[in-house]
Amino acid sequence: MDETEESNTNKKCTRSFRRNGNTQNYQYQNQFLYRSNRVNGFGYGFSYQNQYPSLLPLPPSIPLQMAVAPTFPQYHHFGSKTHLQKPSGKQNNPPLSTSSESQVQDFSVAQAWTNFHPQTCLPFHENGRMVMDARPKPLAVASRPDSGGIEGKVITLFANHFVVQFDPSQRIFHYDVNIAPHPSKEISRIIKQKIVEDNSALLSGALPVYDGRRTIYSPIEFQDDRFELYISLPMFSGKPIDIMKSEERQQLKLFRINIKLVSKFDGKELSSYLRKGGEDWSPLPQEYIHALDVVLRESPTEKCVAAGRSFYSSSMGGAKEIGGGAIALKGFFQSLRPTQQGLALNVDFSVTAFHESIGVIPYLQKHLNFMHNLCQKKTRGMTSEEKKEVEKALKNIRIFVCHRETFQRYRVCSLTEEVTENLWFPDRDGKSLRLVDYFKDHYNYDIQYRNLPCLQISRRKPCYLPMELCVICEGQKFLGKLSDDQTAKILKMGCQRPRERKAVIDQVMEGPVGPTSGNQGRGFKLQVSREMTRLTGRILQPPKLKLGNSGHIRNLTPSRHDRQWNLLDSHVFEGTQVTRWALISFGGTSDQKSNIPKFIIQLSQRCEQLGIFLHKINVVNPQFEPMHVLGNVKLLESKLKKIHRAAFNNLQLLICVMERKHKGYADLKRIAETNIGIVSQCCLYPNLGKPSSQFLANLALKINAKVGGCTVALYNSLPSQIPRLFRQDDPVIFMGADVTHPHPLDDSSPSVAAVVGSVNWPAANKYVSRMRSQTHRQEIIQDLRAMVGEILDDFYEELSQLPKRIIFFRDGVSETQFYKVLQEELQEIHRACSRFPGYKPPITFAVVQKRHHTRLFPYEPDTTSPRNNENIPPGTVVDTVITHPREFDFYLCSHWGVKGTSRPIHYHVLWDENHFTSDELQKLVYNLCYTFVRCTKPISLVPPAYYAHLAAYRGRLYLDRSDSSVLRSSTISRSPPPKAMPLPKLTENIRKLMFYC
């Protein structure tokens, strides 16, 4: 009946068994397993104990695959000493970790070189002019052009980077470890610990570290370069505990371990790389950094739940229920990075959601509303749609059974087609058995929910488990989409003011589960500072802005501490006239609907105050539809087309008021923008009850931007601010690109790429967009050449000339992808330009990173600020100490942190044919952040990247069909992803508008 998906684990289990009407609690654990991974008395930091169905445990139908110990000794090794030469750091393919999960982290683009084919080589500069070289040229990342910027007021800061001192002469020995049969990560670590405890002489007394898969690093060379061990671990057999003695309940499972030396290396190359002023190019010795990273992760991995590069433990504040069968745990992130001050450990506070370790049926009751009434499920069962929702919620979740004592773990593959009542299966003799009868005969248990399907735990053969006998394993990250309420609770837990966040990080560095809590660093001669890095940053001055005032230009310099400005006595820079518009309502009570006429008057008046003309009378009377229309695509399209026809197919704007958020929002946007050609603006009835001036202003600004207006412009144009590079008559285009991927549990939907580009100069505050679907989870933009080419066409239509320079901001790229993105996408941009004869503009290609963990804290918080400012002020820039030792990067916090701790954006220039100085590029990015059309304050992200993100999200909505009857698979796909379904094309009148804002 059961097929083992994962072998035993090191978690303590408490279960209740009912025998003869009496309840007896058995608390059982493998004593050897219990020695590892305990934190403050809790396994992995969790302390959940639940009451599960009480059953009499009997032998499993499929026995555990226990190997019989051979006649040779338990620990056996062989192999002669071999002498492996230390690989050169200059090799094209240095030996890397063979771990499938702990892959080497790319910290630099410059470490990789490639040769372009002669026909695709990139342009370079020679004597001030650009030429094409027919010879293959290596592609290397842009170097820092100077020693950092100098403009701005100096500010003293702390950064959550901790200096790591290492001994360059310390050798590290990389061993490959192969364990058979392949165990889980937990068992792998237990095996590694067993080897260390019982084979000290063989390991030369070393305390090696292990990445959990295939790699062991040791500070001392083992006795032999290749050897083999056999380890037997005790496993629970699952036999009835009332007829066995405790020592008889354990069987031994045999593991064969092959260990061989892969390479030897030291830190001299890393020390040389980190030294400043080196003229000769040398690659970053990433294997040495990876080894040190594994060393510093060893202790947290043993004591916490690892999720990605973060660790979570109840010792940091306990688990908190956030609803829907999920709990939130606090933890910390850590990553080793090369910086200008040397190696540094980046440590940050983190919060994430995990599945609650409870029974499967209680979990479904919390997760799905239709499962609340279990009494009905005993008799009625589930509809096909409900079954799809249950299967979607449970797929790939690891569970264990509570009807027998076992450490086996299973992964849910699917649900059975038949309900439990109707399930039959063949036994080993080929005899057909009824599932319900089997559990009654073997376990003396009457299955209660017979109208529910069973869990299928094998893809190859029938292996059924009744839901009521299964429990969710603890320590599983919640990969499903969080609800708005769950997200709000997570954000609230993670929203800490700078003083609080800094205190938590300091506690991690001093605490019992942090990166300095173990002894592994001593053997590798590592010393980690317990104090945050102290450095100086600079505060850039805000730009003077250009607003409108009854047809006159008005200038304004944001002088408030948050750099926000208001439009109380001024207009938007460019207001539009909306004379033909309509309103449609979905749902709402009678009282809410009665507020619509008042809302129209208030919105029209607020628009007038901002210099935007919105006619007080609709071209079509407001239409009131029930909420279910949003869930019916054909009906929704019919209603929208009817309104458009009533407006003589000439409608500038459609305002949609909804009772609540609805998945039909995606269909509405797709139909309006691709089928009909209407710009739409949605809002919710709860905001219309007592509409605030701020709500109406935000709505007006979005409407103005969507129909062709703009909120603000720079008073001092970019050519006047950066005269060395920019000229009034030589237009420049700012482009942004982003790729959005489907949900983590979706393994088939296409990714969506978007590119935007400015089409007005020198204001550079209006953008056109292009969107494309592409291969599932493909990060490289596949159709970049075509999208860039189309945007250049639009630019030429607007300005009658092509841009003289291209400034390209690429969002959503991790450091491991830097080189691949630069190599492939830069070439595509050049090819897009080659469509125009003789057109070879200089290009600057910069990656924009917002999902990093560097935080900056003021050394002395500003007590004079109205809100006792603990956050760094807008305009804070850092380009020394914690930045890359050689490459052109900087951190810029352009916004004011209203809640929590401000996160600066990390800008990393990969290619720069325009030869920006640090001051020039930092000033450019900061000034652009004031030109965003949706608000009257500087935003955190440079607008081209922000607009690309919004456009990619809009493309994602076009694919999210509310009437889709196909359940997206959440299993791990073994076949290549299907070809991406193309996005519907925008109508011609929508294509050049900023409809995605």
# chains A, B, ... in the order shown; residues from 1 in each chain; ligands from 1

$ residues_around --residues "Lys330 in chain A" --least-positions-apart "3" --cutoff "8 Å" --atoms "only C-alpha atoms" --output "list in words"
Tyr312, Ser313, Ser314, Met316, Gly317, Gly318, Ala319, Phe349, Ser350, Val351 and Thr352 of chain A

$ write_last_selection --atoms "N, CA and C atoms" --output "PDB file, in the first residue's frame"
ATOM      1  N   TYR A 312      15.441  29.232   9.607  1.00  0.00           N
ATOM      2  CA  TYR A 312      14.303  29.611  10.442  1.00  0.00           C
ATOM      3  C   TYR A 312      14.253  28.730  11.678  1.00  0.00           C
ATOM      4  N   SER A 313      13.882  29.357  12.795  1.00  0.00           N
ATOM      5  CA  SER A 313      13.850  28.640  14.066  1.00  0.00           C
ATOM      6  C   SER A 313      12.859  29.302  15.003  1.00  0.00           C
ATOM      7  N   SER A 314      12.181  28.480  15.818  1.00  0.00           N
ATOM      8  CA  SER A 314      11.259  29.026  16.812  1.00  0.00           C
ATOM      9  C   SER A 314      11.997  29.763  17.909  1.00  0.00           C
ATOM     10  N   MET A 316      13.722  32.193  17.537  1.00  0.00           N
ATOM     11  CA  MET A 316      13.753  33.610  17.194  1.00  0.00           C
ATOM     12  C   MET A 316      12.397  34.275  17.367  1.00  0.00           C
ATOM     13  N   GLY A 317      11.494  33.617  18.081  1.00  0.00           N
ATOM     14  CA  GLY A 317      10.215  34.272  18.344  1.00  0.00           C
ATOM     15  C   GLY A 317       9.012  33.371  18.204  1.00  0.00           C
ATOM     16  N   GLY A 318       9.209  32.106  17.872  1.00  0.00           N
ATOM     17  CA  GLY A 318       8.094  31.181  17.808  1.00  0.00           C
ATOM     18  C   GLY A 318       7.333  31.267  16.498  1.00  0.00           C
ATOM     19  N   ALA A 319       6.517  30.245  16.264  1.00  0.00           N
ATOM     20  CA  ALA A 319       5.699  30.195  15.057  1.00  0.00           C
ATOM     21  C   ALA A 319       4.383  30.908  15.305  1.00  0.00           C
ATOM     22  N   PHE A 349      17.483  39.910   8.681  1.00  0.00           N
ATOM     23  CA  PHE A 349      16.278  39.330   9.283  1.00  0.00           C
ATOM     24  C   PHE A 349      15.345  38.848   8.182  1.00  0.00           C
ATOM     25  N   SER A 350      14.650  37.752   8.419  1.00  0.00           N
ATOM     26  CA  SER A 350      13.791  37.173   7.391  1.00  0.00           C
ATOM     27  C   SER A 350      12.558  36.537   8.023  1.00  0.00           C
ATOM     28  N   VAL A 351      11.454  36.561   7.303  1.00  0.00           N
ATOM     29  CA  VAL A 351      10.211  35.900   7.717  1.00  0.00           C
ATOM     30  C   VAL A 351       9.639  35.191   6.506  1.00  0.00           C
ATOM     31  N   THR A 352       9.156  33.977   6.698  1.00  0.00           N
ATOM     32  CA  THR A 352       8.502  33.279   5.588  1.00  0.00           C
ATOM     33  C   THR A 352       7.441  32.334   6.130  1.00  0.00           C
TER      34      THR A 352
END

$ select_by_dssp --residues "range 622-729 of chain A" --states "strand (DSSP E)" --output "PyMOL selection string"
chain A and resi 623-625+653-658+680-684+713-714

$ residues_around --residues "Phe857 in chain A" --least-positions-apart "3" --cutoff "10 Å" --atoms "only C-alpha atoms" --output "list in words"
Thr156, Leu157, Phe158, Ala159, Asn160, Pro498, Arg499, Arg501, Lys502, Met532, Arg534, Glu860, Pro861, Glu870, Asn871, Ile872, Thr901 and Ser902 of chain A

$ residues_around --residues "Ser299 in chain A" --least-positions-apart "4" --cutoff "10 Å" --atoms "only C-alpha atoms" --output "NGL selection string"
:A and (37 or 209 or 294-295 or 303-304 or 512-521)

$ residues_around --residues "Gln782 in chain A" --least-positions-apart "6" --cutoff "9 Å" --atoms "only C-alpha atoms" --output "list in words"
Ala753, Arg772, Ser773, Gln774, Thr775 and Glu825 of chain A

$ write_last_selection --atoms "N, CA and C atoms" --output "PDB file, in the first residue's frame"
ATOM      1  N   ALA A 753       7.825  38.459 -20.722  1.00  0.00           N
ATOM      2  CA  ALA A 753       8.875  39.482 -20.760  1.00  0.00           C
ATOM      3  C   ALA A 753       8.278  40.784 -21.253  1.00  0.00           C
ATOM      4  N   ARG A 772       5.907  40.065 -24.455  1.00  0.00           N
ATOM      5  CA  ARG A 772       5.934  38.785 -25.153  1.00  0.00           C
ATOM      6  C   ARG A 772       5.872  37.660 -24.121  1.00  0.00           C
ATOM      7  N   SER A 773       5.190  36.600 -24.459  1.00  0.00           N
ATOM      8  CA  SER A 773       5.282  35.381 -23.657  1.00  0.00           C
ATOM      9  C   SER A 773       6.481  34.583 -24.154  1.00  0.00           C
ATOM     10  N   GLN A 774       7.045  33.774 -23.287  1.00  0.00           N
ATOM     11  CA  GLN A 774       8.206  32.978 -23.681  1.00  0.00           C
ATOM     12  C   GLN A 774       8.244  31.693 -22.869  1.00  0.00           C
ATOM     13  N   THR A 775       9.252  30.872 -23.116  1.00  0.00           N
ATOM     14  CA  THR A 775       9.362  29.556 -22.488  1.00  0.00           C
ATOM     15  C   THR A 775       9.248  29.657 -20.970  1.00  0.00           C
ATOM     16  N   GLU A 825      21.733  39.127 -24.100  1.00  0.00           N
ATOM     17  CA  GLU A 825      20.801  40.227 -24.327  1.00  0.00           C
ATOM     18  C   GLU A 825      21.485  41.448 -24.929  1.00  0.00           C
TER      19      GLU A 825
END

$ residues_around --residues "Ser559 in chain A" --least-positions-apart "4" --cutoff "12 Å" --atoms "only C-alpha atoms" --output "list in words"
Gln541, Pro542, Pro543, Lys544, Leu545, Arg563, Gln564, Trp565, Asn566, Pro873, Pro874 and Lys937 of chain A

$ write_last_selection --atoms "C-alpha atoms" --output "short mmCIF file (atom, residue, chain, number, x, y, z; two decimals), in the first residue's frame"
data_model
loop_
_atom_site.label_atom_id
_atom_site.label_comp_id
_atom_site.auth_asym_id
_atom_site.auth_seq_id
_atom_site.Cartn_x
_atom_site.Cartn_y
_atom_site.Cartn_z
CA GLN A 541 20.25 66.72 -3.47
CA PRO A 542 16.73 66.44 -4.91
CA PRO A 543 16.16 67.89 -8.39
CA LYS A 544 14.04 70.94 -9.10
CA LEU A 545 10.73 69.85 -10.62
CA ARG A 563 10.97 64.48 -0.46
CA GLN A 564 7.23 64.35 -1.16
CA TRP A 565 5.44 67.30 -2.74
CA ASN A 566 1.77 68.14 -3.09
CA PRO A 873 16.99 59.79 4.02
CA PRO A 874 16.01 59.71 0.34
CA LYS A 937 7.23 61.52 -4.45
#

$ atom_distance --atom1 "CA of Ile490 in chain A" --atom2 "CA of Ile358 in chain A"
20.2 Å

$ select_by_dssp --residues "range 635-718 of chain A" --states "helix (DSSP H, G or I)" --output "PyMOL selection string"
chain A and resi 635-646+664-676+685-687+693-706+718
